[in-house]
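Participant: The structure follows.
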Amino acid sequence: MSIRFENATKIFRDLAVVDRLNLEIEDGEMMVLLGPSGCGKTTTLRMLAGLEDISEGTIYIASRCVNGVPSRHRNVAMVFQNYALYPHMTAAQNIGYPLRIRGVKRDEMARQVSEVAETLEIGRLLDRRPRELSGGERQRVALARAVIRRPAAFLMDEPLSNLDARLRLQMRGELKRLQRGLRITTLYVTHDQAEAMTLAHRVAVMREGKLQQVGTPMELYQRPANMFVAGFVGSPAMNFIQGRMEGASFRLNGGLLSLTPDQLPAAASAETLVLGFRPECASLTSPQEDGALRGTVYVTEEMGNETFVFLKCEDALITVRAEAHFKAEIGDVLGVRVPPSSVRLFEARTGKALV
């Protein structure tokens, strides 16, 4: 079942926390709303659920305008970060509650609860109450309660944020398998770009109530629309360096970086220019090597399987992903080589991508 926002706006005290949002979610798609705290993503979810009134614009579920339609009549199921389980009920009773209020007979309800519980591998937990469950188990119970409703759409508000790192990784895989298996349209809210990249068919990036870019995870990673998306998607973040053009190269006091012929017209037309590149696209070399930037080692972080090297390059602090065995001392001067094909150019004043 498809979902569509047309100029959807939510105004609180003269502030547009969601500003003319236009977004379409395809039938069976998992769309992830990604952005920092306060960007409007949870408000967007609550408007879709009917928990917040829409100030302007229109929201459609399966081509039906749901402006003013009560939440209980929208046929959507929400999964919250705090699980929202009834503490006095067993897991089975929590899962079966949506069927109970519909008047489903006890035998049929027990059959459906058992079926959904087996799908989420929590059959052995049905007699336990929430206080007897771990965080991951509670989240599975909350998911089972949403699944048993057979909704038109799942709405998930940072459902993994209360789990530890190991459980988050495990539950990401479970969520992806569940959504792909059920093929239920899903809108998932998170500020964690790793969740967005691994879960989504497409990602919608928001900032200060405005939609910045929509695309597949790789489209956002490889072709960000602006500096905000480039810096928010990817870990570590994209490096940014401001400089000027000199012939066919980008010049700053630390050295020169070559550009491709396709990049030159856009670079020449920009008032002020920012060059961006991913930490994994750069390599460390001798500071005397032609075509390399020069930087001073600020600090290194050994991660076990890799090493992050942070260098001061004029006023910019840049990151390079190096091999696990790489060693450097604070204060060392190194060269940084970046292939021209890995360079992204942005207009400094607007932040928009040039190529």
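Going through the structure tokens in order, the chains are called A, B, and so on, while each chain numbers its residues from 1 and the ligands are numbered from 1 in the order shown.
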Mind checking which residues fall within 7 Å of Thr42 (chain A), counting only C-alpha atoms, ignoring those fewer than 4 positions away in the same chain, and posting them as a PyMOL selection string?

Facilitator: chain A and resi 46+157+189

Participant: With a distance cut-off of 10 Å and only C-alpha atoms, select the neighbouring residues of region 133-148 of chain A, excluding the residue or stretch itself and same-chain residues fewer than 4 positions from it, and output the selection as a PyMOL selection string.

Facilitator: chain A and resi 76-85+90-99+109+112-113+115-122+125-126+128-129+153-156+159-160+162-164+167-168+170-171+174-175+178-179+182+184

Participant: Excluding same-chain residues fewer than 6 positions from Glu302 (chain A), what lies within 12 Å of it counting only C-alpha atoms, as a PyMOL selection string?

Facilitator: chain A and resi 308-310+321-328

Participant: Put those residues in a file: N, CA, C and O atoms, as an mmCIF file, in the first residue's frame.

Facilitator:
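What follows is the written file result13.cif:
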data_model
loop_
_atom_site.group_PDB
_atom_site.id
_atom_site.type_symbol
_atom_site.label_atom_id
_atom_site.label_comp_id
_atom_site.auth_asym_id
_atom_site.auth_seq_id
_atom_site.Cartn_x
_atom_site.Cartn_y
_atom_site.Cartn_z
ATOM 1 N N PHE A 308 42.215 5.027 11.735
ATOM 2 C CA PHE A 308 41.806 6.338 11.246
ATOM 3 C C PHE A 308 42.907 7.340 11.585
ATOM 4 O O PHE A 308 43.337 7.446 12.738
ATOM 5 N N VAL A 309 43.358 8.062 10.564
ATOM 6 C CA VAL A 309 44.395 9.078 10.740
ATOM 7 C C VAL A 309 43.759 10.445 10.521
ATOM 8 O O VAL A 309 43.188 10.712 9.454
ATOM 9 N N PHE A 310 43.824 11.296 11.530
ATOM 10 C CA PHE A 310 43.282 12.650 11.456
ATOM 11 C C PHE A 310 44.431 13.620 11.243
ATOM 12 O O PHE A 310 45.420 13.604 11.996
ATOM 13 N N ARG A 321 41.251 6.804 6.094
ATOM 14 C CA ARG A 321 41.156 5.424 6.572
ATOM 15 C C ARG A 321 42.388 4.663 6.072
ATOM 16 O O ARG A 321 42.603 4.553 4.862
ATOM 17 N N ALA A 322 43.190 4.149 6.999
ATOM 18 C CA ALA A 322 44.434 3.460 6.649
ATOM 19 C C ALA A 322 44.381 2.007 7.095
ATOM 20 O O ALA A 322 43.439 1.575 7.767
ATOM 21 N N GLU A 323 45.422 1.244 6.725
ATOM 22 C CA GLU A 323 45.486 -0.162 7.091
ATOM 23 C C GLU A 323 45.648 -0.299 8.616
ATOM 24 O O GLU A 323 46.107 0.605 9.298
ATOM 25 N N ALA A 324 45.317 -1.476 9.107
ATOM 26 C CA ALA A 324 45.353 -1.712 10.553
ATOM 27 C C ALA A 324 46.749 -1.507 11.135
ATOM 28 O O ALA A 324 46.904 -1.015 12.259
ATOM 29 N N HIS A 325 47.786 -1.851 10.380
ATOM 30 C CA HIS A 325 49.149 -1.793 10.906
ATOM 31 C C HIS A 325 49.798 -0.421 10.732
ATOM 32 O O HIS A 325 50.969 -0.235 11.105
ATOM 33 N N PHE A 326 49.075 0.550 10.164
ATOM 34 C CA PHE A 326 49.679 1.867 9.898
ATOM 35 C C PHE A 326 50.043 2.554 11.215
ATOM 36 O O PHE A 326 49.268 2.572 12.166
ATOM 37 N N LYS A 327 51.250 3.128 11.250
ATOM 38 C CA LYS A 327 51.718 3.840 12.436
ATOM 39 C C LYS A 327 52.164 5.246 12.048
ATOM 40 O O LYS A 327 52.818 5.447 11.022
ATOM 41 N N ALA A 328 51.795 6.226 12.866
ATOM 42 C CA ALA A 328 52.265 7.602 12.690
ATOM 43 C C ALA A 328 52.227 8.291 14.044
ATOM 44 O O ALA A 328 51.427 7.939 14.913
#

Participant: Work out how far apart CA of Val355 (chain A) and CA of Asp262 (chain A) are and give it in Å to one decimal.

Facilitator: 8.1 Å

Participant: Just the number, please: distance in Å from CA of Ile11 (chain A) to CA of Met206 (chain A), one decimal.

Facilitator: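 Atom-to-atom, CA of Ile11 (chain A) to CA of Met206 (chain A), that is 16.1 Å.
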
Participant: So which residues of region 175-225 of chain A fall under strand (DSSP E) by DSSP, listed as a VMD selection string?

Facilitator: chain A and resid 185 to 190 202 to 207 210 to 215

Participant: Using the chain letters and numbers from this document, which residues of region 48-243 of chain A does DSSP assign to alpha helix (DSSP H), as JSON, numbers by chain?

Facilitator: {"A": [48, 49, 91, 92, 93, 94, 95, 96, 97, 98, 99, 100, 101, 102, 106, 107, 108, 109, 110, 111, 112, 113, 114, 115, 116, 117, 118, 119, 135, 136, 137, 138, 139, 140, 141, 142, 143, 144, 145, 146, 147, 165, 166, 167, 168, 169, 170, 171, 172, 173, 174, 175, 176, 177, 178, 179, 180, 181, 182, 193, 194, 195, 196, 197, 198, 199, 217, 218, 219, 220, 221, 222, 227, 228, 229, 230, 231, 232]}

Participant: Residues near Leu220 (chain A), anyone? I mean within 8 Å using only C-alpha atoms, not counting same-chain ones fewer than 5 positions away, as a list in words.

Facilitator: Val203, Gln213, Val214, Gly215, Ala225, Val229, Ala230 and Val233 of chain A

Participant: Which one is closest to Glu314 (chain A): A:Ala266, A:Leu293, A:Leu275, A:Ile59? Count only C-alpha atoms.

Facilitator: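 The closest residue to Glu314 (chain A) is A:Leu293.
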
Participant: When you draw a straight line from CA of Asn22 (chain A) to CA of Ala8 (chain A), how long is it in Å?

Facilitator: 6.8 Å

Participant: Neighbours of Pro36 (chain A) within 10 Å (only C-alpha atoms; same-chain residues fewer than 4 positions away dropped), as a CSV table (one decimal) with all heavy atoms, in the first residue's frame?

Facilitator:
chain,number,residue,atom,x,y,z
A,40,GLY,N,12.4,17.0,12.3
A,40,GLY,CA,11.0,16.9,11.9
A,40,GLY,C,10.6,15.5,11.5
A,40,GLY,O,9.4,15.2,11.1
A,41,LYS,N,11.5,14.5,11.6
A,41,LYS,CA,11.2,13.2,11.1
A,41,LYS,C,10.1,12.4,12.0
A,41,LYS,O,9.2,11.8,11.5
A,41,LYS,CB,12.5,12.3,11.0
A,41,LYS,CG,13.3,12.2,12.3
A,41,LYS,CD,14.6,11.5,12.0
A,41,LYS,CE,15.4,11.3,13.3
A,41,LYS,NZ,15.8,12.6,13.9
A,190,THR,N,15.0,7.3,12.1
A,190,THR,CA,16.3,7.1,12.8
A,190,THR,C,17.2,8.3,12.6
A,190,THR,O,17.1,9.0,11.6
A,190,THR,CB,17.0,5.8,12.4
A,190,THR,OG1,18.1,5.6,13.3
A,190,THR,CG2,17.4,5.8,11.0
A,191,HIS,N,18.1,8.5,13.5
A,191,HIS,CA,19.2,9.4,13.3
A,191,HIS,C,20.5,8.7,13.0
A,191,HIS,O,21.5,9.3,12.8
A,191,HIS,CB,19.4,10.3,14.6
A,191,HIS,CG,19.8,9.6,15.8
A,191,HIS,ND1,18.9,9.0,16.6
A,191,HIS,CD2,21.0,9.2,16.3
A,191,HIS,CE1,19.5,8.4,17.6
A,191,HIS,NE2,20.8,8.5,17.4
A,192,ASP,N,20.4,7.4,13.0
A,192,ASP,CA,21.6,6.5,12.9
A,192,ASP,C,21.8,6.2,11.4
A,192,ASP,O,21.0,5.4,10.8
A,192,ASP,CB,21.4,5.2,13.7
A,192,ASP,CG,22.6,4.3,13.7
A,192,ASP,OD1,23.4,4.3,12.7
A,192,ASP,OD2,22.8,3.6,14.7
A,193,GLN,N,22.8,6.7,10.8
A,193,GLN,CA,23.0,6.5,9.3
A,193,GLN,C,23.3,5.1,9.0
A,193,GLN,O,23.0,4.6,7.9
A,193,GLN,CB,24.0,7.5,8.7
A,193,GLN,CG,25.4,7.4,9.3
A,193,GLN,CD,26.3,6.5,8.6
A,193,GLN,OE1,26.0,6.2,7.4
A,193,GLN,NE2,27.4,6.1,9.2
A,205,VAL,N,16.5,12.1,3.6
A,205,VAL,CA,17.3,12.9,4.5
A,205,VAL,C,16.6,14.2,4.8
A,205,VAL,O,16.2,14.9,3.9
A,205,VAL,CB,18.7,13.1,4.0
A,205,VAL,CG1,19.5,13.8,5.1
A,205,VAL,CG2,19.4,11.8,3.7
A,206,MET,N,16.4,14.5,6.1
A,206,MET,CA,15.7,15.7,6.5
A,206,MET,C,16.6,16.6,7.3
A,206,MET,O,17.5,16.1,8.0
A,206,MET,CB,14.4,15.4,7.3
A,206,MET,CG,13.3,14.7,6.5
A,206,MET,SD,11.8,14.5,7.4
A,206,MET,CE,11.2,16.2,7.5
A,207,ARG,N,16.4,17.9,7.2
A,207,ARG,CA,17.1,18.9,8.0
A,207,ARG,C,16.2,20.1,8.3
A,207,ARG,O,15.7,20.7,7.3
A,207,ARG,CB,18.4,19.3,7.3
A,207,ARG,CG,19.3,20.3,8.1
A,207,ARG,CD,20.3,20.9,7.2
A,207,ARG,NE,21.3,21.7,8.0
A,207,ARG,CZ,22.2,22.5,7.5
A,207,ARG,NH1,22.3,22.6,6.1
A,207,ARG,NH2,23.0,23.2,8.2
A,208,GLU,N,16.0,20.4,9.5
A,208,GLU,CA,15.3,21.6,9.9
A,208,GLU,C,13.9,21.6,9.2
A,208,GLU,O,13.5,22.6,8.7
A,208,GLU,CB,16.0,22.9,9.6
A,208,GLU,CG,17.3,23.0,10.5
A,208,GLU,CD,18.1,24.2,10.2
A,208,GLU,OE1,17.8,24.9,9.2
A,208,GLU,OE2,19.1,24.5,10.9
A,232,PHE,N,26.4,13.9,6.5
A,232,PHE,CA,25.6,13.1,7.5
A,232,PHE,C,25.6,11.6,7.1
A,232,PHE,O,25.5,10.8,8.0
A,232,PHE,CB,24.2,13.6,7.5
A,232,PHE,CG,23.4,13.3,8.7
A,232,PHE,CD1,23.5,14.0,9.9
A,232,PHE,CD2,22.5,12.2,8.7
A,232,PHE,CE1,22.8,13.6,11.0
A,232,PHE,CE2,21.8,11.8,9.8
A,232,PHE,CZ,22.0,12.6,11.0

Participant: Write out as a list in words which residues come within 9 Å of Leu317 (chain A) when counting only C-alpha atoms, dropping same-chain ones fewer than 3 positions away.

Facilitator: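 In the requested form, the answer reads Asn239, Phe240, Ile241, Gly295, Tyr298, Phe310, Leu311, Lys312, Cys313 and Glu314 of chain A.
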
Participant: My list of candidates is A:Val343, A:Ile3, A:Leu187, A:Met303. Which is closest to Ala200 (chain A) when distances are computed with only C-alpha atoms?

Facilitator: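 For Ala200 (chain A), the nearest of the candidates is A:Leu187.
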